[in-house]
$ cat query-v6.cif   # mmCIF, C-alpha atoms
data_entry
#
loop_
_atom_site.label_atom_id
_atom_site.label_comp_id
_atom_site.auth_asym_id
_atom_site.auth_seq_id
_atom_site.Cartn_x
_atom_site.Cartn_y
_atom_site.Cartn_z
CA MET A 1 -22.66 93.88 73.49
CA LYS A 2 -24.51 96.50 75.49
CA ILE A 3 -28.22 97.35 75.42
CA ALA A 4 -29.51 100.85 74.61
CA ALA A 5 -32.96 102.44 74.31
CA GLN A 6 -34.01 103.66 70.87
CA LEU A 7 -35.65 107.01 71.63
CA TYR A 8 -37.99 106.71 68.63
CA THR A 9 -40.07 104.46 70.91
CA LEU A 10 -40.72 107.55 73.08
CA ARG A 11 -41.20 110.08 70.27
CA GLU A 12 -44.54 111.34 71.65
CA PHE A 13 -42.68 112.29 74.86
CA LEU A 14 -39.79 114.08 73.15
CA LYS A 15 -41.41 117.11 71.58
CA THR A 16 -39.82 119.87 73.71
CA PRO A 17 -36.50 120.21 75.54
CA GLU A 18 -38.35 119.88 78.84
CA ASP A 19 -40.01 116.65 77.66
CA ILE A 20 -36.67 115.32 76.47
CA ALA A 21 -35.01 115.99 79.82
CA LYS A 22 -37.81 114.22 81.71
CA SER A 23 -37.83 111.27 79.34
CA LEU A 24 -34.08 110.75 79.54
CA ARG A 25 -34.38 110.67 83.33
CA LYS A 26 -37.06 107.98 83.07
CA VAL A 27 -34.94 105.95 80.63
CA LYS A 28 -32.10 105.99 83.13
CA GLU A 29 -34.42 105.02 85.99
CA ILE A 30 -35.62 102.01 83.97
CA GLY A 31 -32.03 100.81 83.83
CA TYR A 32 -30.69 101.84 80.42
CA ASN A 33 -27.26 103.47 80.28
CA ALA A 34 -27.27 104.44 76.62
CA VAL A 35 -29.67 105.79 74.01
CA GLN A 36 -30.00 106.03 70.27
CA VAL A 37 -31.16 109.51 69.27
CA SER A 38 -34.14 109.38 66.90
CA GLY A 39 -37.60 110.91 66.88
CA VAL A 40 -36.46 113.81 69.04
CA GLY A 41 -38.11 117.22 68.69
CA PRO A 42 -36.24 120.49 68.12
CA ILE A 43 -33.38 120.90 70.59
CA ASP A 44 -29.92 122.41 70.53
CA PRO A 45 -27.39 119.59 70.18
CA ALA A 46 -25.39 120.95 73.11
CA ALA A 47 -28.49 120.93 75.32
CA LEU A 48 -29.22 117.33 74.39
CA LYS A 49 -25.67 116.38 75.28
CA GLU A 50 -26.02 118.20 78.60
CA PHE A 51 -29.25 116.32 79.43
CA ALA A 52 -27.73 112.97 78.48
CA ASP A 53 -24.56 113.64 80.47
CA ARG A 54 -26.61 114.65 83.50
CA GLU A 55 -28.33 111.26 83.46
CA GLN A 56 -25.06 109.46 82.61
CA LEU A 57 -26.54 108.21 79.35
CA GLU A 58 -24.21 107.52 76.44
CA ILE A 59 -25.41 108.49 72.98
CA CYS A 60 -24.37 105.37 71.11
CA ALA A 61 -26.00 105.95 67.72
CA THR A 62 -28.48 108.12 65.83
CA HIS A 63 -30.91 108.20 62.96
CA ILE A 64 -30.45 111.22 60.67
CA GLY A 65 -32.59 112.25 57.68
CA TYR A 66 -31.16 111.43 54.26
CA GLN A 67 -31.33 115.00 52.98
CA GLU A 68 -29.44 116.22 56.03
CA LEU A 69 -26.78 113.55 55.50
CA TRP A 70 -26.47 114.43 51.82
CA ASN A 71 -26.75 118.22 52.01
CA ASN A 72 -25.17 119.03 55.40
CA PRO A 73 -22.58 116.35 56.15
CA ASP A 74 -20.28 118.79 57.95
CA ALA A 75 -23.06 119.74 60.39
CA VAL A 76 -23.88 116.05 60.93
CA ILE A 77 -20.23 115.33 61.63
CA ALA A 78 -19.93 118.23 64.08
CA GLN A 79 -23.06 117.12 65.93
CA HIS A 80 -21.82 113.56 66.31
CA LYS A 81 -18.40 114.72 67.44
CA LEU A 82 -20.09 116.86 70.10
CA TRP A 83 -22.07 113.84 71.27
CA ASN A 84 -19.02 111.55 71.12
CA CYS A 85 -21.18 109.30 68.96
CA ARG A 86 -19.54 107.21 66.25
CA TYR A 87 -22.55 105.57 64.57
CA VAL A 88 -24.54 107.74 62.16
CA GLY A 89 -27.72 105.92 61.19
CA LEU A 90 -30.18 106.24 58.33
CA GLY A 91 -33.60 104.89 59.29
CA SER A 92 -34.66 104.10 55.71
CA MET A 93 -33.85 104.97 52.13
CA PRO A 94 -36.15 107.57 50.53
CA GLY A 95 -39.18 106.18 48.73
CA GLU A 96 -38.02 107.02 45.23
CA TYR A 97 -35.22 104.42 45.44
CA ARG A 98 -37.30 101.47 46.60
CA GLY A 99 -39.25 100.26 43.60
CA SER A 100 -36.56 98.94 41.27
CA LYS A 101 -33.15 97.34 41.04
CA GLU A 102 -31.86 100.55 39.48
CA GLY A 103 -33.10 102.51 42.49
CA PHE A 104 -31.31 100.24 44.92
CA LEU A 105 -28.10 100.48 42.88
CA ARG A 106 -28.34 104.28 42.77
CA PHE A 107 -28.91 104.39 46.51
CA ALA A 108 -25.96 102.06 47.12
CA LYS A 109 -23.67 104.44 45.24
CA GLU A 110 -24.94 107.54 47.03
CA ALA A 111 -24.83 105.85 50.44
CA SER A 112 -21.24 104.82 49.77
CA ASP A 113 -20.35 108.44 48.96
CA VAL A 114 -21.95 109.62 52.21
CA GLY A 115 -20.29 106.81 54.14
CA ARG A 116 -16.84 107.70 52.83
CA LYS A 117 -17.30 111.32 53.89
CA LEU A 118 -18.28 110.21 57.40
CA LYS A 119 -15.43 107.70 57.54
CA GLU A 120 -12.91 110.47 56.82
CA ALA A 121 -14.18 112.13 60.01
CA GLY A 122 -13.84 108.94 62.06
CA LEU A 123 -17.55 108.11 62.00
CA THR A 124 -19.44 105.07 60.69
CA PHE A 125 -22.53 105.17 58.48
CA ILE A 126 -25.12 102.49 59.38
CA TYR A 127 -28.20 101.57 57.33
CA HIS A 128 -31.41 100.42 59.06
CA ASN A 129 -33.71 98.13 57.11
CA HIS A 130 -37.44 97.60 57.00
CA SER A 131 -39.20 94.77 55.14
CA PHE A 132 -39.31 96.36 51.66
CA GLU A 133 -35.60 95.63 51.18
CA PHE A 134 -36.51 91.94 50.93
CA ALA A 135 -38.46 92.43 47.71
CA LYS A 136 -36.64 90.65 44.90
CA PHE A 137 -35.36 92.07 41.63
CA ASP A 138 -34.10 89.55 39.06
CA GLY A 139 -33.88 86.94 41.79
CA GLN A 140 -31.95 89.09 44.27
CA SER A 141 -33.42 90.89 47.25
CA GLY A 142 -32.82 94.56 47.79
CA MET A 143 -30.87 93.68 50.94
CA GLU A 144 -28.57 91.42 48.95
CA LEU A 145 -28.01 94.24 46.46
CA LEU A 146 -27.17 96.68 49.26
CA LEU A 147 -24.76 94.19 50.83
CA GLN A 148 -23.02 93.59 47.50
CA GLU A 149 -23.08 97.07 45.96
CA THR A 150 -22.29 99.40 48.87
CA ASP A 151 -18.66 100.11 49.71
CA PRO A 152 -17.89 97.64 52.52
CA SER A 153 -15.36 100.04 53.99
CA ALA A 154 -17.88 102.89 54.16
CA VAL A 155 -21.36 101.44 54.74
CA ASP A 156 -22.33 99.27 57.70
CA PHE A 157 -25.73 97.81 58.54
CA GLU A 158 -28.07 98.15 61.49
CA LEU A 159 -30.32 95.15 61.07
CA ASP A 160 -33.77 95.45 62.57
CA VAL A 161 -34.55 91.85 63.46
CA PHE A 162 -38.34 92.37 63.43
CA TRP A 163 -38.30 93.76 59.90
CA VAL A 164 -35.94 91.02 58.70
CA GLN A 165 -38.46 88.48 59.99
CA ALA A 166 -41.39 90.42 58.49
CA GLY A 167 -39.60 90.43 55.13
CA GLY A 168 -39.26 86.66 55.18
CA GLY A 169 -35.62 86.57 56.22
CA ASP A 170 -33.95 84.64 59.02
CA PRO A 171 -32.66 87.24 61.52
CA SER A 172 -29.82 85.08 62.82
CA ALA A 173 -28.71 84.13 59.31
CA TRP A 174 -28.72 87.76 58.25
CA ILE A 175 -26.74 88.77 61.31
CA ASP A 176 -24.11 86.30 60.16
CA LYS A 177 -24.27 87.67 56.60
CA VAL A 178 -23.32 91.17 57.73
CA LYS A 179 -20.40 89.97 59.85
CA GLY A 180 -17.72 92.64 59.81
CA ARG A 181 -20.26 95.29 58.81
CA MET A 182 -22.55 95.63 61.82
CA LYS A 183 -21.81 97.07 65.24
CA VAL A 184 -25.36 98.27 66.04
CA VAL A 185 -28.53 96.13 65.87
CA HIS A 186 -32.21 96.86 66.53
CA LEU A 187 -34.09 94.54 68.85
CA LYS A 188 -37.86 94.28 68.74
CA ASP A 189 -40.12 91.26 69.00
CA MET A 190 -43.02 90.07 66.89
CA VAL A 191 -46.27 88.61 68.17
CA VAL A 192 -48.70 86.96 65.78
CA THR A 193 -52.41 87.55 66.33
CA ALA A 194 -55.56 86.70 64.39
CA GLU A 195 -55.22 90.14 62.79
CA GLY A 196 -51.58 89.60 61.76
CA GLN A 197 -48.13 90.60 62.97
CA ARG A 198 -47.66 93.16 65.74
CA PHE A 199 -44.69 94.69 67.48
CA ALA A 200 -43.97 93.34 70.95
CA GLU A 201 -41.59 93.86 73.83
CA VAL A 202 -38.42 91.80 73.51
CA GLY A 203 -39.08 88.35 74.96
CA GLU A 204 -42.86 88.69 74.75
CA GLY A 205 -43.32 87.53 71.17
CA ASN A 206 -42.50 84.63 68.86
CA MET A 207 -38.90 85.38 67.90
CA ASN A 208 -35.94 83.35 69.12
CA PHE A 209 -34.05 86.04 70.99
CA ARG A 210 -31.52 83.82 72.68
CA ARG A 211 -30.39 82.72 69.22
CA ILE A 212 -30.45 86.33 67.97
CA LEU A 213 -28.36 87.57 70.90
CA ASP A 214 -25.87 84.73 70.45
CA ALA A 215 -25.55 85.58 66.75
CA CYS A 216 -24.91 89.25 67.57
CA GLU A 217 -22.24 88.34 70.11
CA ALA A 218 -20.61 85.99 67.60
CA ILE A 219 -20.04 88.77 65.05
CA GLY A 220 -18.96 91.42 67.55
CA VAL A 221 -22.01 93.70 67.72
CA GLU A 222 -21.30 96.52 70.18
CA TRP A 223 -24.78 98.01 70.73
CA ALA A 224 -28.28 96.54 70.68
CA ALA A 225 -30.95 99.23 70.64
CA VAL A 226 -34.40 98.27 71.91
CA GLU A 227 -37.15 99.77 69.78
CA GLN A 228 -40.92 99.37 69.64
CA ASP A 229 -42.62 101.27 66.82
CA ASN A 230 -46.10 100.89 68.30
CA CYS A 231 -46.97 99.97 71.89
CA TYR A 232 -50.72 99.63 71.20
CA GLY A 233 -51.89 101.74 74.12
CA ARG A 234 -49.26 100.55 76.57
CA ASP A 235 -47.06 103.21 78.16
CA PRO A 236 -43.90 103.22 75.96
CA PHE A 237 -41.74 103.59 79.07
CA GLU A 238 -43.30 100.43 80.48
CA ALA A 239 -42.70 98.70 77.16
CA LEU A 240 -39.01 99.59 77.36
CA ALA A 241 -38.96 98.37 80.96
CA VAL A 242 -40.47 94.99 80.02
CA SER A 243 -37.89 94.55 77.27
CA ALA A 244 -35.12 95.49 79.70
CA ARG A 245 -36.29 92.98 82.31
CA ASN A 246 -36.50 90.19 79.76
CA LEU A 247 -33.10 90.99 78.25
CA LYS A 248 -31.50 91.05 81.69
CA ALA A 249 -33.00 87.60 82.35
CA MET A 250 -31.33 86.44 79.13
CA GLY A 251 -27.99 87.71 80.45
CA ALA A 252 -27.76 90.91 78.38
CA GLU A 253 -25.46 93.68 79.61
CA PHE A 254 -26.67 97.22 80.28
#
$ encode --input "query-v6.cif" --output "structure tokens"
Amino acid sequence: MKIAAQLYTLREFLKTPEDIAKSLRKVKEIGYNAVQVSGVGPIDPAALKEFADREQLEICATHIGYQELWNNPDAVIAQHKLWNCRYVGLGSMPGEYRGSKEGFLRFAKEASDVGRKLKEAGLTFIYHNHSFEFAKFDGQSGMELLLQETDPSAVDFELDVFWVQAGGGDPSAWIDKVKGRMKVVHLKDMVVTAEGQRFAEVGEGNMNFRRILDACEAIGVEWAAVEQDNCYGRDPFEALAVSARNLKAMGAEF
């Protein structure tokens, strides 16, 4: 398993092509050799590939909007082929699906249709969770419904271990549950304060990351993308650097 930087962490520094080029250089200088493309401002896909290649950064995965996946799958496929990127991610299901069992079942069917289209092109659709998927409907969580009702040959998962924990799940147990259906995982830590849960750099919070990393290795995860949704005033580049240092101390490969 190799470590990548989730560019969503740096979204405020990715608004123009010039910003993107500078930020990719900084990501490389920190020690990352791969990125997940998300939160990036308007840029020609070929230019992004050129910037990444210049810094010797592999584009290992993405997050793409649901409407784009549904309405323009051929363009999505062409973009990922250009980037030599297999894993096409969806950051979250649209809000209208989230409130009922029927919504989750409808999403599972549509996601399976999208996933089969991507699979025909040699790509893999991956679904990224938040905590709302752990709400229960008739005794089953939304995550359990997605695992059961999506086409296992067409829909993979991209567990976000922070959001699994926030939803009341056991990250390591869920990593085991998606065995055979997860090649990309999101790593972020959780610190508990008097005000509640906050995002933290990997290794700086309360989560058992040695156990999480072992679980990922056990099921054959290929890429672990470091993400921090909010750095609370800290420079996001420094946050990525802290996570990188701690992961290297745990024996992670970059």
$ residues_around --input "query-v6.cif" --residues "segment 122-137 of chain A" --least-positions-apart "4" --cutoff "10 Å" --atoms "all atoms listed in the file" --output "PyMOL selection string"
chain A and resi 61-63+69+77+80-81+84-93+98-102+104+111-112+114-118+141-146+153-169+181-186
$ residues_around --input "query-v6.cif" --residues "Tyr232 of chain A" --least-positions-apart "5" --cutoff "12 Å" --atoms "all atoms listed in the file" --output "MDAnalysis selection string"
chainID A and resid 9 198:201 238:239
$ resolve_selection --input "query-v6.cif" --expression "the PyMOL selection byres ((chain A and resi 29) around 12)" --output "number ranges by chain"
A: 22-28, 30-34, 55-57, 237-238, 240-241, 244
$ atom_distance --input "query-v6.cif" --atom1 "atom CA of Val221 of chain A" --atom2 "atom CA of Leu10 of chain A"
23.9 Å
$ residues_around --input "query-v6.cif" --residues "segment 45-47 of chain A" --least-positions-apart "4" --cutoff "9 Å" --atoms "all atoms listed in the file" --output "VMD selection string"
chain A and resid 17 51 to 52 79 82 to 83
$ write_last_selection --input "query-v6.cif" --atoms "C-alpha atoms" --output "PDB file, keeping the file's coordinate frame"
ATOM      1  CA  PRO A  17     -36.500 120.210  75.540  1.00  0.00           C
ATOM      2  CA  PHE A  51     -29.250 116.320  79.430  1.00  0.00           C
ATOM      3  CA  ALA A  52     -27.730 112.970  78.480  1.00  0.00           C
ATOM      4  CA  GLN A  79     -23.060 117.120  65.930  1.00  0.00           C
ATOM      5  CA  LEU A  82     -20.090 116.860  70.100  1.00  0.00           C
ATOM      6  CA  TRP A  83     -22.070 113.840  71.270  1.00  0.00           C
TER       7      TRP A  83
END
$ resolve_selection --input "query-v6.cif" --expression "the PyMOL selection byres ((chain A and resi 172-174) around 9)" --output "JSON list (two decimals) with C-alpha atoms, in the frame of the given file"
[["chain", "number", "residue", "atom", "x", "y", "z"],
["A", 159, "LEU", "CA", -30.32, 95.15, 61.07],
["A", 161, "VAL", "CA", -34.55, 91.85, 63.46],
["A", 164, "VAL", "CA", -35.94, 91.02, 58.70],
["A", 169, "GLY", "CA", -35.62, 86.57, 56.22],
["A", 170, "ASP", "CA", -33.95, 84.64, 59.02],
["A", 171, "PRO", "CA", -32.66, 87.24, 61.52],
["A", 175, "ILE", "CA", -26.74, 88.77, 61.31],
["A", 176, "ASP", "CA", -24.11, 86.30, 60.16],
["A", 177, "LYS", "CA", -24.27, 87.67, 56.60],
["A", 178, "VAL", "CA", -23.32, 91.17, 57.73],
["A", 179, "LYS", "CA", -20.40, 89.97, 59.85],
["A", 208, "ASN", "CA", -35.94, 83.35, 69.12],
["A", 211, "ARG", "CA", -30.39, 82.72, 69.22],
["A", 212, "ILE", "CA", -30.45, 86.33, 67.97],
["A", 213, "LEU", "CA", -28.36, 87.57, 70.90],
["A", 214, "ASP", "CA", -25.87, 84.73, 70.45],
["A", 215, "ALA", "CA", -25.55, 85.58, 66.75],
["A", 216, "CYS", "CA", -24.91, 89.25, 67.57]]
$ residues_near_point --input "query-v6.cif" --point "(-15.1, 117.5, 59.8)" --cutoff "8 Å" --atoms "only C-alpha atoms" --output "PyMOL selection string"
chain A and resi 74+77-78+120-121
$ axis_aligned_box --input "query-v6.cif" --around "segment 142-153 of chain A" --padding-each-side "6 Å" --output "JSON"
{"center_x": -24.1, "center_y": 95.8, "center_z": 50.0, "size_x": 29.5, "size_y": 20.7, "size_z": 20.0}
$ atom_distance --input "query-v6.cif" --atom1 "atom CA of Ala194 of chain A" --atom2 "atom CA of Leu247 of chain A"
26.7 Å
$ resolve_selection --input "query-v6.cif" --expression "the PyMOL selection byres ((chain A and resi 41) around 12)" --output "list in words"
Leu7, Tyr8, Leu10, Arg11, Glu12, Phe13, Leu14, Lys15, Thr16, Pro17, Glu18, Asp19, Ile20, Ala21, Val37, Ser38, Gly39, Val40, Pro42, Ile43, Asp44, Pro45 and Leu48 of chain A
$ closest_residue --input "query-v6.cif" --among "A:Leu187, A:Ala249, A:Ala108, A:Ile64" --to "Asp229 of chain A" --atoms "only C-alpha atoms"
A:Leu187
$ atom_distance --input "query-v6.cif" --atom1 "atom CA of Gly251 of chain A" --atom2 "atom CA of Val202 of chain A"
13.2 Å
$ closest_residue --input "query-v6.cif" --among "A:Val242, A:Val191, A:Met1, A:Ala225" --to "Gln36 of chain A" --atoms "only C-alpha atoms"
A:Ala225
$ decode --input "query-v6.cif" --residues "segment 88-125 of chain A" --atoms "N, CA and C atoms" --output "PDB file, in the first residue's frame"
ATOM      1  N   VAL A  88     -12.067   5.894 -10.129  1.00  0.00           N
ATOM      2  CA  VAL A  88     -12.966   7.030 -10.316  1.00  0.00           C
ATOM      3  C   VAL A  88     -13.844   7.125  -9.072  1.00  0.00           C
ATOM      4  N   GLY A  89     -13.642   8.157  -8.269  1.00  0.00           N
ATOM      5  CA  GLY A  89     -14.319   8.239  -6.989  1.00  0.00           C
ATOM      6  C   GLY A  89     -15.512   9.178  -6.988  1.00  0.00           C
ATOM      7  N   LEU A  90     -16.497   8.832  -6.160  1.00  0.00           N
ATOM      8  CA  LEU A  90     -17.612   9.723  -5.857  1.00  0.00           C
ATOM      9  C   LEU A  90     -17.509  10.081  -4.383  1.00  0.00           C
ATOM     10  N   GLY A  91     -17.410  11.385  -4.086  1.00  0.00           N
ATOM     11  CA  GLY A  91     -17.184  11.826  -2.726  1.00  0.00           C
ATOM     12  C   GLY A  91     -18.365  11.639  -1.799  1.00  0.00           C
ATOM     13  N   SER A  92     -19.587  11.590  -2.362  1.00  0.00           N
ATOM     14  CA  SER A  92     -20.787  11.410  -1.546  1.00  0.00           C
ATOM     15  C   SER A  92     -21.982  11.261  -2.473  1.00  0.00           C
ATOM     16  N   MET A  93     -22.995  10.539  -2.028  1.00  0.00           N
ATOM     17  CA  MET A  93     -24.219  10.482  -2.815  1.00  0.00           C
ATOM     18  C   MET A  93     -24.981  11.798  -2.662  1.00  0.00           C
ATOM     19  N   PRO A  94     -25.731  12.210  -3.684  1.00  0.00           N
ATOM     20  CA  PRO A  94     -26.518  13.443  -3.580  1.00  0.00           C
ATOM     21  C   PRO A  94     -27.510  13.374  -2.433  1.00  0.00           C
ATOM     22  N   GLY A  95     -27.875  14.533  -1.902  1.00  0.00           N
ATOM     23  CA  GLY A  95     -28.697  14.610  -0.713  1.00  0.00           C
ATOM     24  C   GLY A  95     -30.050  13.938  -0.829  1.00  0.00           C
ATOM     25  N   GLU A  96     -30.629  13.935  -2.022  1.00  0.00           N
ATOM     26  CA  GLU A  96     -31.982  13.410  -2.159  1.00  0.00           C
ATOM     27  C   GLU A  96     -32.074  11.904  -1.942  1.00  0.00           C
ATOM     28  N   TYR A  97     -30.937  11.206  -1.921  1.00  0.00           N
ATOM     29  CA  TYR A  97     -30.946   9.758  -1.715  1.00  0.00           C
ATOM     30  C   TYR A  97     -30.797   9.365  -0.236  1.00  0.00           C
ATOM     31  N   ARG A  98     -30.429  10.285   0.606  1.00  0.00           N
ATOM     32  CA  ARG A  98     -29.879   9.929   1.917  1.00  0.00           C
ATOM     33  C   ARG A  98     -30.898   9.633   3.011  1.00  0.00           C
ATOM     34  N   GLY A  99     -32.131  10.083   2.860  1.00  0.00           N
ATOM     35  CA  GLY A  99     -33.050  10.079   3.977  1.00  0.00           C
ATOM     36  C   GLY A  99     -33.900   8.843   4.163  1.00  0.00           C
ATOM     37  N   SER A 100     -33.767   7.855   3.288  1.00  0.00           N
ATOM     38  CA  SER A 100     -34.652   6.693   3.391  1.00  0.00           C
ATOM     39  C   SER A 100     -33.968   5.454   2.830  1.00  0.00           C
ATOM     40  N   LYS A 101     -34.513   4.308   3.213  1.00  0.00           N
ATOM     41  CA  LYS A 101     -34.039   3.043   2.654  1.00  0.00           C
ATOM     42  C   LYS A 101     -34.241   3.022   1.147  1.00  0.00           C
ATOM     43  N   GLU A 102     -35.376   3.536   0.705  1.00  0.00           N
ATOM     44  CA  GLU A 102     -35.671   3.554  -0.733  1.00  0.00           C
ATOM     45  C   GLU A 102     -34.648   4.392  -1.487  1.00  0.00           C
ATOM     46  N   GLY A 103     -34.212   5.496  -0.876  1.00  0.00           N
ATOM     47  CA  GLY A 103     -33.205   6.334  -1.507  1.00  0.00           C
ATOM     48  C   GLY A 103     -31.876   5.621  -1.652  1.00  0.00           C
ATOM     49  N   PHE A 104     -31.481   4.902  -0.606  1.00  0.00           N
ATOM     50  CA  PHE A 104     -30.234   4.146  -0.675  1.00  0.00           C
ATOM     51  C   PHE A 104     -30.323   3.046  -1.737  1.00  0.00           C
ATOM     52  N   LEU A 105     -31.472   2.383  -1.830  1.00  0.00           N
ATOM     53  CA  LEU A 105     -31.629   1.325  -2.825  1.00  0.00           C
ATOM     54  C   LEU A 105     -31.603   1.900  -4.242  1.00  0.00           C
ATOM     55  N   ARG A 106     -32.230   3.055  -4.418  1.00  0.00           N
ATOM     56  CA  ARG A 106     -32.209   3.701  -5.738  1.00  0.00           C
ATOM     57  C   ARG A 106     -30.788   4.107  -6.106  1.00  0.00           C
ATOM     58  N   PHE A 107     -30.080   4.665  -5.137  1.00  0.00           N
ATOM     59  CA  PHE A 107     -28.688   5.038  -5.407  1.00  0.00           C
ATOM     60  C   PHE A 107     -27.846   3.811  -5.735  1.00  0.00           C
ATOM     61  N   ALA A 108     -28.041   2.724  -5.011  1.00  0.00           N
ATOM     62  CA  ALA A 108     -27.266   1.503  -5.258  1.00  0.00           C
ATOM     63  C   ALA A 108     -27.452   1.021  -6.690  1.00  0.00           C
ATOM     64  N   LYS A 109     -28.670   1.103  -7.191  1.00  0.00           N
ATOM     65  CA  LYS A 109     -28.927   0.683  -8.573  1.00  0.00           C
ATOM     66  C   LYS A 109     -28.243   1.613  -9.569  1.00  0.00           C
ATOM     67  N   GLU A 110     -28.377   2.920  -9.348  1.00  0.00           N
ATOM     68  CA  GLU A 110     -27.772   3.881 -10.275  1.00  0.00           C
ATOM     69  C   GLU A 110     -26.248   3.802 -10.232  1.00  0.00           C
ATOM     70  N   ALA A 111     -25.690   3.675  -9.027  1.00  0.00           N
ATOM     71  CA  ALA A 111     -24.237   3.566  -8.904  1.00  0.00           C
ATOM     72  C   ALA A 111     -23.729   2.316  -9.609  1.00  0.00           C
ATOM     73  N   SER A 112     -24.486   1.235  -9.529  1.00  0.00           N
ATOM     74  CA  SER A 112     -24.088   0.004 -10.212  1.00  0.00           C
ATOM     75  C   SER A 112     -24.084   0.203 -11.720  1.00  0.00           C
ATOM     76  N   ASP A 113     -25.072   0.946 -12.233  1.00  0.00           N
ATOM     77  CA  ASP A 113     -25.107   1.234 -13.678  1.00  0.00           C
ATOM     78  C   ASP A 113     -23.886   2.046 -14.098  1.00  0.00           C
ATOM     79  N   VAL A 114     -23.571   3.075 -13.314  1.00  0.00           N
ATOM     80  CA  VAL A 114     -22.383   3.892 -13.604  1.00  0.00           C
ATOM     81  C   VAL A 114     -21.122   3.035 -13.519  1.00  0.00           C
ATOM     82  N   GLY A 115     -21.036   2.227 -12.472  1.00  0.00           N
ATOM     83  CA  GLY A 115     -19.861   1.388 -12.281  1.00  0.00           C
ATOM     84  C   GLY A 115     -19.638   0.413 -13.417  1.00  0.00           C
ATOM     85  N   ARG A 116     -20.727  -0.145 -13.945  1.00  0.00           N
ATOM     86  CA  ARG A 116     -20.576  -1.086 -15.067  1.00  0.00           C
ATOM     87  C   ARG A 116     -20.063  -0.378 -16.317  1.00  0.00           C
ATOM     88  N   LYS A 117     -20.525   0.839 -16.544  1.00  0.00           N
ATOM     89  CA  LYS A 117     -20.039   1.617 -17.688  1.00  0.00           C
ATOM     90  C   LYS A 117     -18.534   1.888 -17.545  1.00  0.00           C
ATOM     91  N   LEU A 118     -18.103   2.253 -16.349  1.00  0.00           N
ATOM     92  CA  LEU A 118     -16.683   2.513 -16.123  1.00  0.00           C
ATOM     93  C   LEU A 118     -15.865   1.221 -16.233  1.00  0.00           C
ATOM     94  N   LYS A 119     -16.422   0.132 -15.737  1.00  0.00           N
ATOM     95  CA  LYS A 119     -15.715  -1.150 -15.792  1.00  0.00           C
ATOM     96  C   LYS A 119     -15.457  -1.577 -17.230  1.00  0.00           C
ATOM     97  N   GLU A 120     -16.419  -1.333 -18.107  1.00  0.00           N
ATOM     98  CA  GLU A 120     -16.243  -1.669 -19.530  1.00  0.00           C
ATOM     99  C   GLU A 120     -15.038  -0.960 -20.128  1.00  0.00           C
ATOM    100  N   ALA A 121     -14.713   0.212 -19.544  1.00  0.00           N
ATOM    101  CA  ALA A 121     -13.570   0.998 -20.036  1.00  0.00           C
ATOM    102  C   ALA A 121     -12.286   0.685 -19.266  1.00  0.00           C
ATOM    103  N   GLY A 122     -12.337  -0.300 -18.382  1.00  0.00           N
ATOM    104  CA  GLY A 122     -11.147  -0.672 -17.626  1.00  0.00           C
ATOM    105  C   GLY A 122     -10.911   0.155 -16.389  1.00  0.00           C
ATOM    106  N   LEU A 123     -11.938   0.898 -15.941  1.00  0.00           N
ATOM    107  CA  LEU A 123     -11.827   1.737 -14.753  1.00  0.00           C
ATOM    108  C   LEU A 123     -12.637   1.133 -13.608  1.00  0.00           C
ATOM    109  N   THR A 124     -12.430   1.665 -12.405  1.00  0.00           N
ATOM    110  CA  THR A 124     -13.118   1.158 -11.220  1.00  0.00           C
ATOM    111  C   THR A 124     -13.799   2.303 -10.489  1.00  0.00           C
ATOM    112  N   PHE A 125     -15.101   2.166 -10.271  1.00  0.00           N
ATOM    113  CA  PHE A 125     -15.879   3.149  -9.528  1.00  0.00           C
ATOM    114  C   PHE A 125     -15.719   2.897  -8.038  1.00  0.00           C
TER     115      PHE A 125
END
